Amino acid sequence: MIEPTLTVPPEERARRAPARRPVRPREAVRFPVLAVVFVCAACGLVYELELVALSSYLIGDSVTQASVVLSVMVFAMGVGSLLAKRLRCRAAVGFGLVEAALALVGGCSAMVLYAAFAWLGESRYVVVAFSLAIGVLIGAEIPLLMSLMQRTGRKAGAGDPDDAAGTVADLFAADYVGALVGGLAFPFLLLPWLGQLTGALVTGAVNAVAGGGLVLWVFRRDLTARSRALLLAVNLGVLAVLATATVLVDDFEQAARRAVYGEDVRVAVHTDLQEVVVTGGPEGPPDLFLDGRLRVSGRDEYRYHEALVHPAMNGPHARVLIVGGGDGMAVREVLRHPGVRSVTVVELDPGVVRLARTDPALARLNARAFLDPRVRVVHEDAFHWLRGAADRVRERYDVVLSDLPDPGITSSTKLYSEEFYGLVARVLGPSGRFAVHAGSVTDRPRTYWTVDATLRAAGFATRPYSASGRTPGFAAGPDRSAGTGPGPCDWGFLLAVPGDRPPVLGLAPDAPRPRSLGADALAVAAARAERTRGAAPPSSTLVHPRYGD
């Protein structure tokens with residue numbers, strides 16, 4: 001006998017079904033979580049780039065600093081991921097505290113690093129400490145968010161589109177895209193508009209608002225009343241610290257600058273490429289610093305520039321090319337020679353040339369050389385400009401002068417390469433001369449003789465010489481914070497000509513007599529440099545730079 005089937009109305013089934021706790025839909029949580037991952041990833045990369053940029057400026061050797069920061073930070077991220085396992089049972093409050101700590105540490109990192117350099121004279125260990133701390137905090141973010149999302153909505157199962165693998169893919173996609181945006185925002189938005197210190201503080205504030213807002217709003221039901229109050233107080237405290245530091249950042253920067261450069265800071269500007277500082281009293285000679293390195297000392301700069309320019313002008317010198325030299329001192333010495341018809345200066349930073357033209361002390365020191373109608377300034381990377389110069393220049397240059405920072409500074413290395421010297425050879429006349437500043441002979445002889453070997457590999461014959469008398473106490477190399485002893489007291493130069501016969505080291509007979517040079521002085525300078533010669537090092541190329549002792 002078949003019993004009839006009773007049909008229960010839907011309303012009755014709903015009434016009889018056991019009551020279930022309301023569950024937050026997975027999609028309602030996914031979007032704000034991914035948005036916060038995007039923002040936090042952008043902030044994390046800004047912290048990373050900030051450490052690389054500021055440590056390269058303060059310590060020097062950008063390749064080494066980038067390698068240290070990146071390797072330490074990636075290692076620390078792994079440590080942070082492991083440590084996050086201990087917070088999985090309290091993932092919401094853990095993520096909130098991690099983001100608050102990351103905002104505070106990352107936002108203040110630039111100021112603390114600059115303060116350590118200015119007042120303690122050492123910042124290497126501070127860079128490593130911040131790289132470790134920021135890396136650990138960044139590494140803890142994704143595991144904690146993954147734990148929160150897995151506890152949201154229904155459990156993942158086989159074939160479920162909301163499974164763990166899909167959640168991980170979404171989180172990492174948002175993380176990578178955020179890193180892209182942060183990496184582009186740092187050089188194109190934050191640095192030009194806010195600068196290094198304020199940019200880091202603002203990034204920290206954004207980080208705190210995003211991380212704290214996610215936990216206190218989206219995951220508020222995962223928090224106890226005590227945890228909610230703790231997170232609110234911590235985030236407000238972090239924002240208060242960052243806001244106070246932002247208000248005081250200008251006063252802090254001025255105080256730190258005085259600690260680095262002394263009390264007589266006359267001009268301090270940030271160009272698109274570097275920090276330019278001019279120091280000196282109203283009557284005394286000025287000193288010019290580029291990115292913290294003494295570039296021109298008004299007391300003895302004439303020794304350097306006379307040694308660079310005058311030996312190279314012994315011969316035809318109607319057309320002169322100066323690579324670098326935006327301060328105008330080398331141009332001043334060139335224009336002292338009769339018969340000069342044109343001087344081309346290839347200087348990357350227009351801010352330096354603008355300051356050399358308009359600052360009264362610098363303009364007086366360079367004898368207002370840039371106002372001479374024979375002088376033409378090109379604002380372009382010298383390597384790129386020379387690549388096309390052989391086709392643009394109708395007449396070859398009689399003299400080429402390389403007035404550049406020391407080759408030990410990473411950003412200058414390509415302008416001391418065999419490829420660069422090959423480009424110089426293309427624009428130099430058959431009887432032309434090429435003078436190169438090659439760093440200190442006595443302090444870094446291997447670097448100096450590497451320049452010599454590179455010139456020879458490019459087809460030049462060379463004559464080494466040096467000039468003494470530089471201001472003590474300022475390092476010639478990229479690291480102004482290393483050591484407390486006096487810096488090198490000499491400049492090393494190389495006079496080069498095409499072919500295999502070394503040039504004669506002398507002075508033009510019709511030129512005004514330099515204050516610091518003479519025939520006997522040049523002979524002594526050449527002998528002094530030769531005494532440091534050792535086994536010939538290999539040449540330096542773009543793909544295998546060999547500078548640095």
# chains A, B, ... in the order shown; residues from 1 in each chain; ligands from 1
>>> residues_around(residues="A:Asp170", least_positions_apart="6", cutoff="10 Å", atoms="only C-alpha atoms", output="list in words")
Arg30, Phe31, Val33, Leu34, Val37 and Ala164 of chain A
>>> closest_atom_pairs(of="stretch 28-115 of chain A", to="stretch 406-419 of chain A", cutoff="12 Å", atoms="only C-alpha atoms", output="tab-separated table")
residue	atom	partner	partner_atom	distance
A:Ser56	CA	A:Thr410	CA	9.4
A:Tyr57	CA	A:Ile409	CA	10.4
A:Ile59	CA	A:Ile409	CA	10.4
A:Gly60	CA	A:Ile409	CA	6.8
A:Asp61	CA	A:Thr410	CA	5.2
A:Ser62	CA	A:Thr410	CA	6.2
A:Val63	CA	A:Thr410	CA	7.0
A:Thr64	CA	A:Thr410	CA	9.2
A:Gln65	CA	A:Thr410	CA	10.6
A:Ala66	CA	A:Thr410	CA	11.5
>>> select_by_dssp(residues="stretch 122-334 of chain A", states="strand (DSSP E)", output="ChimeraX atom specification")
/A:265-270,275-279,287-290,293-297,319-324
>>> write_last_selection(atoms="C-alpha atoms", output="PDB file, in the first residue's frame")
ATOM      1  CA  VAL A 265      74.195  76.816   5.593  1.00  0.00           C
ATOM      2  CA  ARG A 266      73.354  79.498   3.036  1.00  0.00           C
ATOM      3  CA  VAL A 267      71.357  77.569   0.436  1.00  0.00           C
ATOM      4  CA  ALA A 268      69.709  74.135   0.636  1.00  0.00           C
ATOM      5  CA  VAL A 269      67.569  72.963  -2.264  1.00  0.00           C
ATOM      6  CA  HIS A 270      66.325  69.640  -3.554  1.00  0.00           C
ATOM      7  CA  GLU A 275      70.228  67.699  -2.645  1.00  0.00           C
ATOM      8  CA  VAL A 276      72.356  70.797  -3.245  1.00  0.00           C
ATOM      9  CA  VAL A 277      73.730  72.683  -0.238  1.00  0.00           C
ATOM     10  CA  VAL A 278      75.912  75.797  -0.230  1.00  0.00           C
ATOM     11  CA  THR A 279      77.655  76.751   3.004  1.00  0.00           C
ATOM     12  CA  ASP A 287      81.475  75.251  -0.149  1.00  0.00           C
ATOM     13  CA  LEU A 288      79.183  73.267  -2.470  1.00  0.00           C
ATOM     14  CA  PHE A 289      77.810  69.876  -1.407  1.00  0.00           C
ATOM     15  CA  LEU A 290      75.966  67.522  -3.750  1.00  0.00           C
ATOM     16  CA  ARG A 293      79.479  65.089  -0.585  1.00  0.00           C
ATOM     17  CA  LEU A 294      81.816  68.038  -0.763  1.00  0.00           C
ATOM     18  CA  ARG A 295      82.021  68.914  -4.456  1.00  0.00           C
ATOM     19  CA  VAL A 296      83.639  72.368  -4.325  1.00  0.00           C
ATOM     20  CA  SER A 297      85.657  73.803  -1.455  1.00  0.00           C
ATOM     21  CA  ARG A 319      86.675  73.662 -29.081  1.00  0.00           C
ATOM     22  CA  VAL A 320      86.320  72.285 -25.540  1.00  0.00           C
ATOM     23  CA  LEU A 321      83.833  69.767 -24.149  1.00  0.00           C
ATOM     24  CA  ILE A 322      83.293  69.502 -20.369  1.00  0.00           C
ATOM     25  CA  VAL A 323      81.447  66.465 -19.015  1.00  0.00           C
ATOM     26  CA  GLY A 324      79.945  67.498 -15.683  1.00  0.00           C
TER      27      GLY A 324
END
>>> closest_atom_pairs(of="stretch 270-323 of chain A", to="stretch 329-339 of chain A", cutoff="9 Å", atoms="only C-alpha atoms", output="JSON lines")
{"residue": "A:Val296", "atom": "CA", "partner": "A:Met329", "partner_atom": "CA", "distance": 8.8}
{"residue": "A:Glu301", "atom": "CA", "partner": "A:Met329", "partner_atom": "CA", "distance": 8.1}
{"residue": "A:Tyr302", "atom": "CA", "partner": "A:Met329", "partner_atom": "CA", "distance": 8.0}
{"residue": "A:His305", "atom": "CA", "partner": "A:Ala330", "partner_atom": "CA", "distance": 5.6}
{"residue": "A:Glu306", "atom": "CA", "partner": "A:Glu333", "partner_atom": "CA", "distance": 6.6}
{"residue": "A:Leu308", "atom": "CA", "partner": "A:Ala330", "partner_atom": "CA", "distance": 7.8}
{"residue": "A:Val309", "atom": "CA", "partner": "A:Val334", "partner_atom": "CA", "distance": 6.6}
{"residue": "A:His310", "atom": "CA", "partner": "A:Glu333", "partner_atom": "CA", "distance": 7.5}
{"residue": "A:Met313", "atom": "CA", "partner": "A:Val334", "partner_atom": "CA", "distance": 7.8}
{"residue": "A:Pro316", "atom": "CA", "partner": "A:Gly339", "partner_atom": "CA", "distance": 8.5}
{"residue": "A:His317", "atom": "CA", "partner": "A:Gly339", "partner_atom": "CA", "distance": 6.9}
{"residue": "A:Ala318", "atom": "CA", "partner": "A:Gly339", "partner_atom": "CA", "distance": 5.7}
{"residue": "A:Val320", "atom": "CA", "partner": "A:Val334", "partner_atom": "CA", "distance": 8.0}
{"residue": "A:Ile322", "atom": "CA", "partner": "A:Val331", "partner_atom": "CA", "distance": 7.8}
>>> write_last_selection(atoms="N, CA, C and O atoms", output="PDB file, in the first residue's frame")
ATOM      1  N   VAL A 296      82.779  71.204  -4.115  1.00  0.00           N
ATOM      2  CA  VAL A 296      83.639  72.368  -4.325  1.00  0.00           C
ATOM      3  C   VAL A 296      83.947  72.976  -2.967  1.00  0.00           C
ATOM      4  O   VAL A 296      83.030  73.329  -2.223  1.00  0.00           O
ATOM      5  N   GLU A 301      89.534  75.016  -4.201  1.00  0.00           N
ATOM      6  CA  GLU A 301      89.032  74.399  -5.426  1.00  0.00           C
ATOM      7  C   GLU A 301      89.907  74.717  -6.629  1.00  0.00           C
ATOM      8  O   GLU A 301      89.960  73.934  -7.589  1.00  0.00           O
ATOM      9  N   TYR A 302      90.611  75.855  -6.587  1.00  0.00           N
ATOM     10  CA  TYR A 302      91.438  76.236  -7.731  1.00  0.00           C
ATOM     11  C   TYR A 302      92.541  75.210  -7.983  1.00  0.00           C
ATOM     12  O   TYR A 302      92.970  75.002  -9.127  1.00  0.00           O
ATOM     13  N   HIS A 305      90.785  72.413 -10.050  1.00  0.00           N
ATOM     14  CA  HIS A 305      90.368  72.794 -11.397  1.00  0.00           C
ATOM     15  C   HIS A 305      91.538  73.216 -12.273  1.00  0.00           C
ATOM     16  O   HIS A 305      91.531  72.976 -13.486  1.00  0.00           O
ATOM     17  N   GLU A 306      92.543  73.838 -11.700  1.00  0.00           N
ATOM     18  CA  GLU A 306      93.734  74.157 -12.496  1.00  0.00           C
ATOM     19  C   GLU A 306      94.444  72.881 -12.939  1.00  0.00           C
ATOM     20  O   GLU A 306      94.898  72.779 -14.091  1.00  0.00           O
ATOM     21  N   LEU A 308      93.088  69.945 -13.390  1.00  0.00           N
ATOM     22  CA  LEU A 308      92.261  69.252 -14.379  1.00  0.00           C
ATOM     23  C   LEU A 308      92.359  69.905 -15.753  1.00  0.00           C
ATOM     24  O   LEU A 308      92.488  69.213 -16.775  1.00  0.00           O
ATOM     25  N   VAL A 309      92.329  71.239 -15.797  1.00  0.00           N
ATOM     26  CA  VAL A 309      92.148  71.951 -17.065  1.00  0.00           C
ATOM     27  C   VAL A 309      93.462  72.276 -17.761  1.00  0.00           C
ATOM     28  O   VAL A 309      93.649  71.982 -18.950  1.00  0.00           O
ATOM     29  N   HIS A 310      94.407  72.874 -17.075  1.00  0.00           N
ATOM     30  CA  HIS A 310      95.544  73.495 -17.759  1.00  0.00           C
ATOM     31  C   HIS A 310      96.465  72.513 -18.473  1.00  0.00           C
ATOM     32  O   HIS A 310      96.916  72.811 -19.593  1.00  0.00           O
ATOM     33  N   MET A 313      95.043  71.790 -21.872  1.00  0.00           N
ATOM     34  CA  MET A 313      94.970  72.921 -22.805  1.00  0.00           C
ATOM     35  C   MET A 313      96.304  73.211 -23.469  1.00  0.00           C
ATOM     36  O   MET A 313      96.429  74.182 -24.224  1.00  0.00           O
ATOM     37  N   PRO A 316      96.232  72.684 -29.309  1.00  0.00           N
ATOM     38  CA  PRO A 316      95.014  73.306 -29.844  1.00  0.00           C
ATOM     39  C   PRO A 316      93.866  73.164 -28.850  1.00  0.00           C
ATOM     40  O   PRO A 316      93.659  72.099 -28.255  1.00  0.00           O
ATOM     41  N   HIS A 317      93.120  74.249 -28.672  1.00  0.00           N
ATOM     42  CA  HIS A 317      92.029  74.210 -27.684  1.00  0.00           C
ATOM     43  C   HIS A 317      90.883  75.141 -28.086  1.00  0.00           C
ATOM     44  O   HIS A 317      90.276  75.779 -27.228  1.00  0.00           O
ATOM     45  N   ALA A 318      90.602  75.224 -29.365  1.00  0.00           N
ATOM     46  CA  ALA A 318      89.523  76.103 -29.821  1.00  0.00           C
ATOM     47  C   ALA A 318      88.161  75.581 -29.377  1.00  0.00           C
ATOM     48  O   ALA A 318      87.286  76.359 -28.987  1.00  0.00           O
ATOM     49  N   VAL A 320      86.147  73.012 -26.798  1.00  0.00           N
ATOM     50  CA  VAL A 320      86.320  72.285 -25.540  1.00  0.00           C
ATOM     51  C   VAL A 320      84.983  71.695 -25.118  1.00  0.00           C
ATOM     52  O   VAL A 320      83.943  72.370 -25.186  1.00  0.00           O
ATOM     53  N   ILE A 322      83.186  69.809 -21.804  1.00  0.00           N
ATOM     54  CA  ILE A 322      83.293  69.502 -20.369  1.00  0.00           C
ATOM     55  C   ILE A 322      82.128  68.591 -19.991  1.00  0.00           C
ATOM     56  O   ILE A 322      80.963  68.964 -20.171  1.00  0.00           O
TER      57      ILE A 322
END
>>> residues_around(residues="A:Gly459", least_positions_apart="2", cutoff="12 Å", atoms="only C-alpha atoms", output="list of chain:residue names")
A:Glu418, A:Glu419, A:Phe420, A:Tyr421, A:Gly422, A:Leu423, A:Val424, A:Ala425, A:Arg426, A:Phe434, A:Asp452, A:Ala453, A:Thr454, A:Leu455, A:Arg456, A:Ala457, A:Ala461, A:Thr462, A:Ala496, A:Val497, A:Pro498, A:Gly499, A:Asp500, A:Arg501, A:Pro502, A:Ser539
>>> atom_distance(atom1="atom CA of A:Trp385", atom2="atom CA of A:Leu542")
16.5 Å
>>> residues_around(residues="stretch 367-372 of chain A", least_positions_apart="6", cutoff="12 Å", atoms="only C-alpha atoms", output="PyMOL selection string")
chain A and resi 325-336+340-345+352-361
>>> closest_atom_pairs(of="stretch 204-310 of chain A", to="stretch 104-120 of chain A", cutoff="10 Å", atoms="only C-alpha atoms", output="Markdown table")
| residue | atom | partner | partner_atom | distance |
| --- | --- | --- | --- | --- |
| A:Gly204 | CA | A:Gly107 | CA | 4.2 |
| A:Ala205 | CA | A:Gly107 | CA | 7.4 |
| A:Val206 | CA | A:Gly107 | CA | 9.6 |
| A:Asn207 | CA | A:Gly107 | CA | 8.9 |
| A:Ala208 | CA | A:Leu104 | CA | 8.1 |
| A:Asn235 | CA | A:Leu104 | CA | 9.3 |
| A:Gly237 | CA | A:Leu104 | CA | 9.5 |
| A:Val238 | CA | A:Leu104 | CA | 5.9 |
| A:Leu239 | CA | A:Leu104 | CA | 8.2 |
| A:Val241 | CA | A:Leu104 | CA | 8.0 |
| A:Leu242 | CA | A:Gly107 | CA | 7.1 |
| A:Ala245 | CA | A:Cys108 | CA | 8.2 |
| A:Thr246 | CA | A:Cys108 | CA | 9.8 |
| A:Val249 | CA | A:Met111 | CA | 8.3 |
| A:Phe252 | CA | A:Met111 | CA | 8.4 |
| A:Glu253 | CA | A:Met111 | CA | 8.6 |
| A:Ala255 | CA | A:Ala118 | CA | 9.0 |
| A:Ala256 | CA | A:Ala118 | CA | 5.5 |
| A:Arg257 | CA | A:Ala118 | CA | 7.3 |
| A:Arg258 | CA | A:Ala118 | CA | 8.5 |
| A:Ala259 | CA | A:Ala118 | CA | 5.7 |
| A:Val260 | CA | A:Ala118 | CA | 5.3 |
| A:Tyr261 | CA | A:Ala118 | CA | 9.1 |
>>> write_last_selection(atoms="C-alpha atoms", output="PDB file, in the first residue's frame")
ATOM      1  CA  GLY A 204      52.620  55.595   7.444  1.00  0.00           C
ATOM      2  CA  ALA A 205      49.401  57.494   8.115  1.00  0.00           C
ATOM      3  CA  VAL A 206      47.725  55.901   5.072  1.00  0.00           C
ATOM      4  CA  ASN A 207      48.916  52.496   6.258  1.00  0.00           C
ATOM      5  CA  ALA A 208      47.471  53.021   9.757  1.00  0.00           C
ATOM      6  CA  ASN A 235      45.957  53.603  15.982  1.00  0.00           C
ATOM      7  CA  GLY A 237      48.401  57.179  19.072  1.00  0.00           C
ATOM      8  CA  VAL A 238      50.283  56.210  15.902  1.00  0.00           C
ATOM      9  CA  LEU A 239      48.432  58.822  13.863  1.00  0.00           C
ATOM     10  CA  VAL A 241      52.894  60.640  16.432  1.00  0.00           C
ATOM     11  CA  LEU A 242      52.998  60.757  12.635  1.00  0.00           C
ATOM     12  CA  ALA A 245      56.409  64.518  13.181  1.00  0.00           C
ATOM     13  CA  THR A 246      54.943  65.895   9.946  1.00  0.00           C
ATOM     14  CA  VAL A 249      59.684  67.849   9.888  1.00  0.00           C
ATOM     15  CA  PHE A 252      64.002  68.689  12.179  1.00  0.00           C
ATOM     16  CA  GLU A 253      65.510  68.808   8.692  1.00  0.00           C
ATOM     17  CA  ALA A 255      68.577  71.047  12.632  1.00  0.00           C
ATOM     18  CA  ALA A 256      69.922  67.840  11.056  1.00  0.00           C
ATOM     19  CA  ARG A 257      71.348  69.802   8.139  1.00  0.00           C
ATOM     20  CA  ARG A 258      73.178  72.116  10.541  1.00  0.00           C
ATOM     21  CA  ALA A 259      74.537  69.062  12.363  1.00  0.00           C
ATOM     22  CA  VAL A 260      75.909  67.706   9.069  1.00  0.00           C
ATOM     23  CA  TYR A 261      77.105  70.867   7.324  1.00  0.00           C
TER      24      TYR A 261
END
>>> atom_distance(atom1="atom CA of A:Ser131", atom2="atom CA of A:Thr244")
23.8 Å
>>> residues_around(residues="stretch 138-141 of chain A", least_positions_apart="4", cutoff="6 Å", atoms="only C-alpha atoms", output="list in words")
Met77, Gly80, Ser81 and Ala84 of chain A
>>> residues_around(residues="A:Leu386", least_positions_apart="2", cutoff="8 Å", atoms="only C-alpha atoms", output="number ranges by chain")
A: 382-384, 388-390, 423-424, 427
